[in-house]
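Have a look at the structure below before the remarks.
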Amino acid sequence: MEVKNVRFPEFSEGDKGERIETAALGDIPVQVTVELGATELSLREITDLSEGSIIELNRLAGEPLDLKVGGQLVAQGEVVAVDDFYGLRITNVVMK
């Protein structure tokens with residue numbers, strides 16, 4: 001088997017093409033989740049769960065919930081009721 005080094009062309013700063021307009025990205029759907037908390041359970045603990053079981057989470061009562069977009073934390077907030085649905089009132093934007 002013969003192995004050769006690959007040579008890539010050199011690019012200068014002036015070789016940039018057109019930029020993607022941010023308006024073009026506005027209609028792309030992304031997964032948004034609100035995370036109440038998390039914990040780690042063994043498979044045995046999971047198989048022992050039944051109606052009425054309580055799972056303790058790693059978050060204190062009253063602590064802000066996390067809003068994640070595509071798995072990345074972007075904001076925190078508090079639960080609100082909107083008609084018959086839950087909602088999240090943003091209290092802190094944490095995007096970097």
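FYI, nothing fancy with the structure tokens labels: chains A, B, ... in order, residues from 1 per chain, ligands from 1 as they appear.
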
Select from region 20-55 of chain A every residue with an atom at most 7 Å from any atom of region 62-76 of chain A, then for each give the shortest pair of atoms and their distance in Å to one decimal, using only C-alpha atoms, rows by chain and rising number, as JSON lines.
```
{"residue": "A:Val30", "atom": "CA", "partner": "A:Gly70", "partner_atom": "CA", "distance": 6.2}
{"residue": "A:Gln31", "atom": "CA", "partner": "A:Gly70", "partner_atom": "CA", "distance": 5.3}
{"residue": "A:Val32", "atom": "CA", "partner": "A:Val69", "partner_atom": "CA", "distance": 4.5}
{"residue": "A:Thr33", "atom": "CA", "partner": "A:Lys68", "partner_atom": "CA", "distance": 5.2}
{"residue": "A:Val34", "atom": "CA", "partner": "A:Leu67", "partner_atom": "CA", "distance": 4.6}
{"residue": "A:Glu35", "atom": "CA", "partner": "A:Asp66", "partner_atom": "CA", "distance": 5.1}
{"residue": "A:Leu36", "atom": "CA", "partner": "A:Leu65", "partner_atom": "CA", "distance": 5.4}
```

### Task
Within chain A, find each residue whose DSSP state, derived from the backbone, is helix (DSSP H, G or I), and express the selection as number ranges by chain.
A: 13-15, 22-25, 43-47

### Task
Identify, with DSSP run on backbone atoms, the residues in chain A assigned to strand (DSSP E or B), and express the list as a PyMOL selection string.
chain A and resi 32-35+65-69+72-82+85-93

### Query
What is the distance between CA of Ile54 (chain A) and CA of Thr39 (chain A), in Å to one decimal?
11.8 Å

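By chain and then residue number, the residues within 10 Å of Glu40 (chain A) are A:Ile46, A:Ile55, A:Glu56, A:Leu57, A:Asn58, counting only C-alpha atoms and disregarding those fewer than 6 positions away in sequence.
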
### Query
Separation of CA of Val79 (chain A) and CA of Glu51 (chain A), in Å?
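Atom-to-atom, CA of Val79 (chain A) and CA of Glu51 (chain A) are spaced 23.9 Å apart.
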